[in-house]
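*Asks:* Take a look at the following structure, please.
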Amino acid sequence: MGSETLRRRHWSIFNILGRLQERISIDQAQAAISVVAARLDEAESESAQKRKITLVPFHLSRFSPHERPQLIRYSVLLLVVVGLVLLIACVNLANLVLARGAARQKEIAVRAVMGATRSVLIRELMMENILLTFTGSMAALLLFQWTIPLLQELRLPVPVVFQLNMDLRIFGFAALLSLGTATLFGLLPALRSSTPDLISALKDHTSPIAKMRGVGLRQILVIAQVGLCMILLIGAALLVRSLKNLHRVDVGFDSENVLVASLDLHLQGYDEEQGWNFYRRLTERTQTITGVKSVSLVSFVPFISDTKKLALYVEGSKPEPVFDIEQNIVGLNYFQTMRISLLQGRSFSEEDRKGAPWVAVINRTMAHRYWPGENPIGKWVSTSGTGGPYVRVIGVVADSKYLSIREPARPILYWSHLQMYELFGSTMSLLVRTDRDAIAILPAVRQTVQSLDRNLPLYDVKTLSQQVSSSLVRERQLAAFLGVLAVLAMILACVGLYGILSFSVTQGLREIGIRMALGAERLDIVRLVIGQGSLLVFIGIGILGLPGAFVLARLLESLLFGVTPTDSFTYVIVASVLFLISLLACFIPARRAARLDPLVALRYE
């Protein structure tokens, strides 16, 4: 970066690191720096943009303020999804504890008759639940240790480093969470099981399957599981559809078979003239490598580094600077190498160098925004006010993405590297388009650089297609993460549904035998059991699943692309798939019930 850059007082591209004096608070320092900013604004009254300098403690400066809401939204989403899966697991456990308690009614009744108080029974049942939950939590902690390498690959939408080492805080949180869930979801089953009907329990009376036509506590828990599963499946489906839509977006350039390698001549002490000569020889020699089709230079590579904004005065607009125009510095053949279409005028040439009239190429969005219905060729912009010096527009190219696939078309102005070396010119990236796998020519490119300067390293070496693909890594990770948890939730819900139906079949063996003795066909028994399970699934999807999915979809709205949070197609498909899979879970106990021998069922006590 040249010294000219440091003299441009209207640039705001730097972060300043400082240490406060003792007894000086952040608020006091902020007040003092605001006074300095106001004085600078008064000294440059022609500037339309007022300075706003914000002081941030170092521990909060790892990501910028505009990234903080995105990080919070992402973290809240992960917490909500994991919380839903935990809730499904707890509901499933509560249902199993209820079924286990119902199966132990005779044992509990005998204890009660022999003098065991209700508090003793509740305490015993709760201790069993806590021990079971705690054992599972310890197993989960061991599994966490094994999956740390996978979790470290998870990327948040901002540069935050995960610290996943096990410590007392994590262990304590897991222990408290286990104790809390065991207490919360084990208390109600314990209360229910500790008050048995002594006469019915001592007679070993079995509950008829017909009771499932009503809605008891176990049925409500199954409905809750199905509904929560529906919520997660909808969220995962919406993210998968968004990911597919993002892959179909035209980024405005061809990223296939393009090698990107960055260089910093400032580290080697190159001046402006030496830098130009080095880059000229580098591009000429690289062009001679076998398989190379085109070579160019660029200051800010799409999907690798963001462009920069400068205050520009645009012909035909208000006599005030414009701050929303992105700017990039490119070398000769940049648009040809990137395969960005030239729509009007011409691209940069060897004549567009320092000392010649300043020229620029703009994209279609900038042309339409500032000169709608006019020919932008020959128009001018200025970085120093309406008095010049002027930069003449010589060409218009197609729009292209720079920071992300999601971004809308932004106005971009391209400078010639031969005229703007002092602005980031010492730090450039080499773009090499090949007719084969771009990585295959990397050794030859390194050898070419070493032949020009053996002490100059290449860094950030990658292919452009890899970088474009990696720009969607967070979307892929989130879709995969939510998808895995949704499948896990569906398995838990089906296990819960299977468990409640199997338990009901076992409890209702006498009624099944009576029905079959009175002439009921096996198909009638299958319909009875599947119908009861289907009713629970239908209620779970309709009453809890759909409204909850609407809420989660709203939380996901900022992450969706090309699909609305209320997309009817997604909801219908997910509901249908969940219903069909749930029917399969119902069919297994239904088939078991249909295969019962009526005589055995009637003798069952």
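Residues are referred to by chain and number: the chain letter is A, B, ... according to the order shown in the structure tokens, the number counts from 1 in that chain, and ligands are numbered separately from 1 in the order shown.
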Name the residues of range 173-403 of chain A that fall into strand (DSSP E) according to DSSP on the backbone, using the chain letters and numbers of this document, as an MDAnalysis selection string.
*Replies:* chainID A and resid 258:264 292:298 308:309 313:314 326:330 342:345 359:363 380:382 390:397
*Asks:* Give me every alpha helix (DSSP H) residue in range 303-485 of chain A, going by DSSP on the backbone, as a PyMOL selection string.
*Replies:* chain A and resi 334-338+364-370+442-452+464-470+473-485
*Asks:* By how many Å are CA of Leu403 in chain A and CA of Pro57 in chain A apart?
*Replies:*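 CA of Leu403 in chain A sits 27.2 Å away from CA of Pro57 in chain A.
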*Asks:* Pick out the closest residue to Asp254 in chain A from this set: A:Ser294, A:Met366, A:Met428, A:Ser465. Count only C-alpha atoms.
*Replies:*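 The shortest atom-to-atom distance to Asp254 in chain A comes from A:Ser465.
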*Asks:* Hey, which of A:Ala493, A:Leu501, A:Leu77, A:Leu458 ends up closest to Val526 in chain A? Count only C-alpha atoms.
*Replies:* A:Leu501
*Asks:* Just give me the gap between CA of Thr463 in chain A and CA of Ala438 in chain A in Å, one decimal is fine.
*Replies:*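 We find that CA of Thr463 in chain A and CA of Ala438 in chain A lie 6.5 Å from each other.
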*Asks:* Mind giving me the straight-line distance from CA of Leu243 in chain A to CA of Thr566 in chain A in Å, one decimal?
*Replies:*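 Interatomic distance here is 16.7 Å.
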*Asks:* Neighbours of Gln344 in chain A within 8 Å (only C-alpha atoms; same-chain residues fewer than 3 positions away dropped), as a PyMOL selection string?
*Replies:* chain A and resi 377+395-397
*Asks:* Taking all heavy atoms for each residue, export the selection above as a PDB file, in the first residue's frame.
*Replies:*
ATOM      1  N   ILE A 377     -20.649   5.809 -21.833  1.00  0.00           N
ATOM      2  CA  ILE A 377     -19.292   5.966 -22.369  1.00  0.00           C
ATOM      3  C   ILE A 377     -18.987   7.452 -22.514  1.00  0.00           C
ATOM      4  O   ILE A 377     -19.733   8.212 -23.131  1.00  0.00           O
ATOM      5  CB  ILE A 377     -19.152   5.249 -23.723  1.00  0.00           C
ATOM      6  CG1 ILE A 377     -19.545   3.779 -23.607  1.00  0.00           C
ATOM      7  CG2 ILE A 377     -17.729   5.393 -24.253  1.00  0.00           C
ATOM      8  CD1 ILE A 377     -18.719   3.007 -22.624  1.00  0.00           C
ATOM      9  N   GLY A 395     -15.815   1.874 -20.710  1.00  0.00           N
ATOM     10  CA  GLY A 395     -16.455   0.589 -21.007  1.00  0.00           C
ATOM     11  C   GLY A 395     -17.467   0.203 -19.944  1.00  0.00           C
ATOM     12  O   GLY A 395     -17.424   0.672 -18.809  1.00  0.00           O
ATOM     13  N   VAL A 396     -18.384  -0.682 -20.355  1.00  0.00           N
ATOM     14  CA  VAL A 396     -19.405  -1.233 -19.457  1.00  0.00           C
ATOM     15  C   VAL A 396     -19.353  -2.754 -19.569  1.00  0.00           C
ATOM     16  O   VAL A 396     -19.389  -3.297 -20.683  1.00  0.00           O
ATOM     17  CB  VAL A 396     -20.814  -0.719 -19.811  1.00  0.00           C
ATOM     18  CG1 VAL A 396     -21.856  -1.322 -18.860  1.00  0.00           C
ATOM     19  CG2 VAL A 396     -20.863   0.803 -19.762  1.00  0.00           C
ATOM     20  N   VAL A 397     -19.269  -3.428 -18.430  1.00  0.00           N
ATOM     21  CA  VAL A 397     -19.225  -4.888 -18.412  1.00  0.00           C
ATOM     22  C   VAL A 397     -20.438  -5.417 -17.658  1.00  0.00           C
ATOM     23  O   VAL A 397     -21.159  -4.678 -16.973  1.00  0.00           O
ATOM     24  CB  VAL A 397     -17.925  -5.414 -17.737  1.00  0.00           C
ATOM     25  CG1 VAL A 397     -16.708  -4.998 -18.540  1.00  0.00           C
ATOM     26  CG2 VAL A 397     -17.819  -4.908 -16.299  1.00  0.00           C
TER      27      VAL A 397
END
*Asks:* Please list as a list in words every residue within 9 Å of range 130-140 of chain A, counting only C-alpha atoms and excluding residues in the same chain fewer than 5 positions away.
*Replies:* Leu125, Gln145, Ala174, Ala175, Ser178, Leu179, Thr181, Ala182, Thr183 and Gly186 of chain A
*Asks:* Considering only C-alpha atoms, return as number ranges by chain whatever protein or nucleic-acid residues lie within 8 Å of Val292 in chain A, sequence-local ones (same chain, fewer than 3 positions apart) excluded.
*Replies:* A: 286-289, 295, 432-435
*Asks:* Write the selection just made, keeping N, CA, C and O atoms, as a PDB file, in the first residue's frame?
*Replies:*
ATOM      1  N   THR A 286       4.110 -16.185 -17.379  1.00  0.00           N
ATOM      2  CA  THR A 286       3.046 -17.126 -17.019  1.00  0.00           C
ATOM      3  C   THR A 286       2.219 -17.483 -18.237  1.00  0.00           C
ATOM      4  O   THR A 286       1.745 -18.617 -18.371  1.00  0.00           O
ATOM      5  N   GLN A 287       2.044 -16.519 -19.139  1.00  0.00           N
ATOM      6  CA  GLN A 287       1.243 -16.768 -20.340  1.00  0.00           C
ATOM      7  C   GLN A 287       1.881 -17.845 -21.220  1.00  0.00           C
ATOM      8  O   GLN A 287       1.174 -18.538 -21.971  1.00  0.00           O
ATOM      9  N   THR A 288       3.195 -18.050 -21.088  1.00  0.00           N
ATOM     10  CA  THR A 288       3.882 -19.033 -21.933  1.00  0.00           C
ATOM     11  C   THR A 288       3.830 -20.448 -21.354  1.00  0.00           C
ATOM     12  O   THR A 288       4.279 -21.391 -21.998  1.00  0.00           O
ATOM     13  N   ILE A 289       3.295 -20.613 -20.142  1.00  0.00           N
ATOM     14  CA  ILE A 289       3.206 -21.942 -19.533  1.00  0.00           C
ATOM     15  C   ILE A 289       2.219 -22.796 -20.321  1.00  0.00           C
ATOM     16  O   ILE A 289       1.138 -22.326 -20.716  1.00  0.00           O
ATOM     17  N   VAL A 295      -4.025 -14.683 -18.585  1.00  0.00           N
ATOM     18  CA  VAL A 295      -3.438 -14.284 -17.301  1.00  0.00           C
ATOM     19  C   VAL A 295      -3.813 -12.833 -17.035  1.00  0.00           C
ATOM     20  O   VAL A 295      -3.826 -12.002 -17.954  1.00  0.00           O
ATOM     21  N   VAL A 432      -4.939 -17.046 -13.283  1.00  0.00           N
ATOM     22  CA  VAL A 432      -4.444 -17.839 -14.410  1.00  0.00           C
ATOM     23  C   VAL A 432      -5.549 -18.789 -14.862  1.00  0.00           C
ATOM     24  O   VAL A 432      -5.944 -19.686 -14.119  1.00  0.00           O
ATOM     25  N   ARG A 433      -6.053 -18.561 -16.077  1.00  0.00           N
ATOM     26  CA  ARG A 433      -7.065 -19.465 -16.637  1.00  0.00           C
ATOM     27  C   ARG A 433      -6.368 -20.523 -17.487  1.00  0.00           C
ATOM     28  O   ARG A 433      -5.509 -20.185 -18.318  1.00  0.00           O
ATOM     29  N   THR A 434      -6.740 -21.775 -17.262  1.00  0.00           N
ATOM     30  CA  THR A 434      -6.082 -22.886 -17.947  1.00  0.00           C
ATOM     31  C   THR A 434      -7.112 -23.721 -18.698  1.00  0.00           C
ATOM     32  O   THR A 434      -8.321 -23.534 -18.563  1.00  0.00           O
ATOM     33  N   ASP A 435      -6.598 -24.645 -19.489  1.00  0.00           N
ATOM     34  CA  ASP A 435      -7.479 -25.573 -20.200  1.00  0.00           C
ATOM     35  C   ASP A 435      -7.534 -26.930 -19.497  1.00  0.00           C
ATOM     36  O   ASP A 435      -7.967 -27.913 -20.085  1.00  0.00           O
TER      37      ASP A 435
END
*Asks:* Measuring between only C-alpha atoms, which one of A:Cys229, A:Val81, A:Ala409, A:Val35 shows the shortest distance to Leu546 in chain A?
*Replies:* A:Cys229
*Asks:* Write out as a CSV table (one decimal) with N, CA and C atoms, in the first residue's frame the residues lying within 8 Å of Leu552 in chain A, counting only C-alpha atoms and excluding same-chain residues fewer than 3 positions away.
*Replies:*
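Final output, saved to out13.csv:
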chain,number,residue,atom,x,y,z
A,231,ILE,N,-41.4,-29.9,12.8
A,231,ILE,CA,-40.8,-28.6,12.8
A,231,ILE,C,-39.4,-28.6,12.3
A,235,GLY,N,-37.7,-27.2,8.6
A,235,GLY,CA,-36.6,-26.3,8.6
A,235,GLY,C,-35.5,-26.9,7.7
A,548,GLY,N,-45.7,-24.6,14.6
A,548,GLY,CA,-44.3,-24.5,15.1
A,548,GLY,C,-43.3,-24.4,13.9
A,549,ALA,N,-43.6,-25.0,12.8
A,549,ALA,CA,-42.8,-24.9,11.6
A,549,ALA,C,-42.8,-23.5,11.0
A,555,LEU,N,-37.6,-17.7,11.7
A,555,LEU,CA,-36.3,-17.6,12.2
A,555,LEU,C,-35.2,-17.9,11.2
A,556,LEU,N,-35.6,-18.7,10.2
A,556,LEU,CA,-34.7,-19.1,9.2
A,556,LEU,C,-34.8,-18.2,8.0
*Asks:* Mind checking which residues fall within 10 Å of Gln336 in chain A, counting only C-alpha atoms, ignoring those fewer than 4 positions away in the same chain, and posting them as an MDAnalysis selection string?
*Replies:* chainID A and resid 253 293:296 332 340:342 347 433
*Asks:* Keeping only N, CA, C and O atoms, write those residues as a CSV table (one decimal), in the first residue's frame.
*Replies:*
chain,number,residue,atom,x,y,z
A,253,PHE,N,-19.4,-14.7,-13.8
A,253,PHE,CA,-18.1,-15.0,-14.4
A,253,PHE,C,-17.9,-16.6,-14.4
A,253,PHE,O,-18.7,-17.3,-13.7
A,293,LYS,N,-4.4,-20.2,-20.8
A,293,LYS,CA,-5.1,-19.6,-21.8
A,293,LYS,C,-5.1,-18.1,-21.6
A,293,LYS,O,-5.2,-17.3,-22.6
A,294,SER,N,-5.1,-17.6,-20.4
A,294,SER,CA,-5.2,-16.1,-20.1
A,294,SER,C,-4.7,-15.9,-18.7
A,294,SER,O,-4.8,-16.7,-17.8
A,295,VAL,N,-4.0,-14.7,-18.6
A,295,VAL,CA,-3.4,-14.3,-17.3
A,295,VAL,C,-3.8,-12.8,-17.0
A,295,VAL,O,-3.8,-12.0,-18.0
A,296,SER,N,-4.1,-12.5,-15.8
A,296,SER,CA,-4.4,-11.1,-15.4
A,296,SER,C,-4.1,-11.0,-13.9
A,296,SER,O,-3.7,-11.9,-13.2
A,332,LEU,N,-4.5,-5.9,-17.1
A,332,LEU,CA,-5.0,-6.1,-18.5
A,332,LEU,C,-5.5,-7.5,-18.6
A,332,LEU,O,-5.1,-8.4,-17.9
A,340,ILE,N,-16.0,-12.2,-18.1
A,340,ILE,CA,-17.0,-11.2,-17.8
A,340,ILE,C,-17.3,-10.5,-19.1
A,340,ILE,O,-16.4,-9.9,-19.7
A,341,SER,N,-18.5,-10.5,-19.5
A,341,SER,CA,-18.9,-10.0,-20.9
A,341,SER,C,-18.7,-8.4,-20.9
A,341,SER,O,-19.1,-7.7,-20.0
A,342,LEU,N,-18.1,-8.0,-22.0
A,342,LEU,CA,-18.0,-6.5,-22.3
A,342,LEU,C,-19.2,-6.1,-23.1
A,342,LEU,O,-19.5,-6.6,-24.2
A,347,SER,N,-12.1,-2.4,-23.1
A,347,SER,CA,-11.5,-2.7,-21.8
A,347,SER,C,-10.2,-1.9,-21.7
A,347,SER,O,-9.9,-1.0,-22.6
A,433,ARG,N,-6.1,-18.6,-16.1
A,433,ARG,CA,-7.1,-19.5,-16.6
A,433,ARG,C,-6.4,-20.5,-17.5
A,433,ARG,O,-5.5,-20.2,-18.3
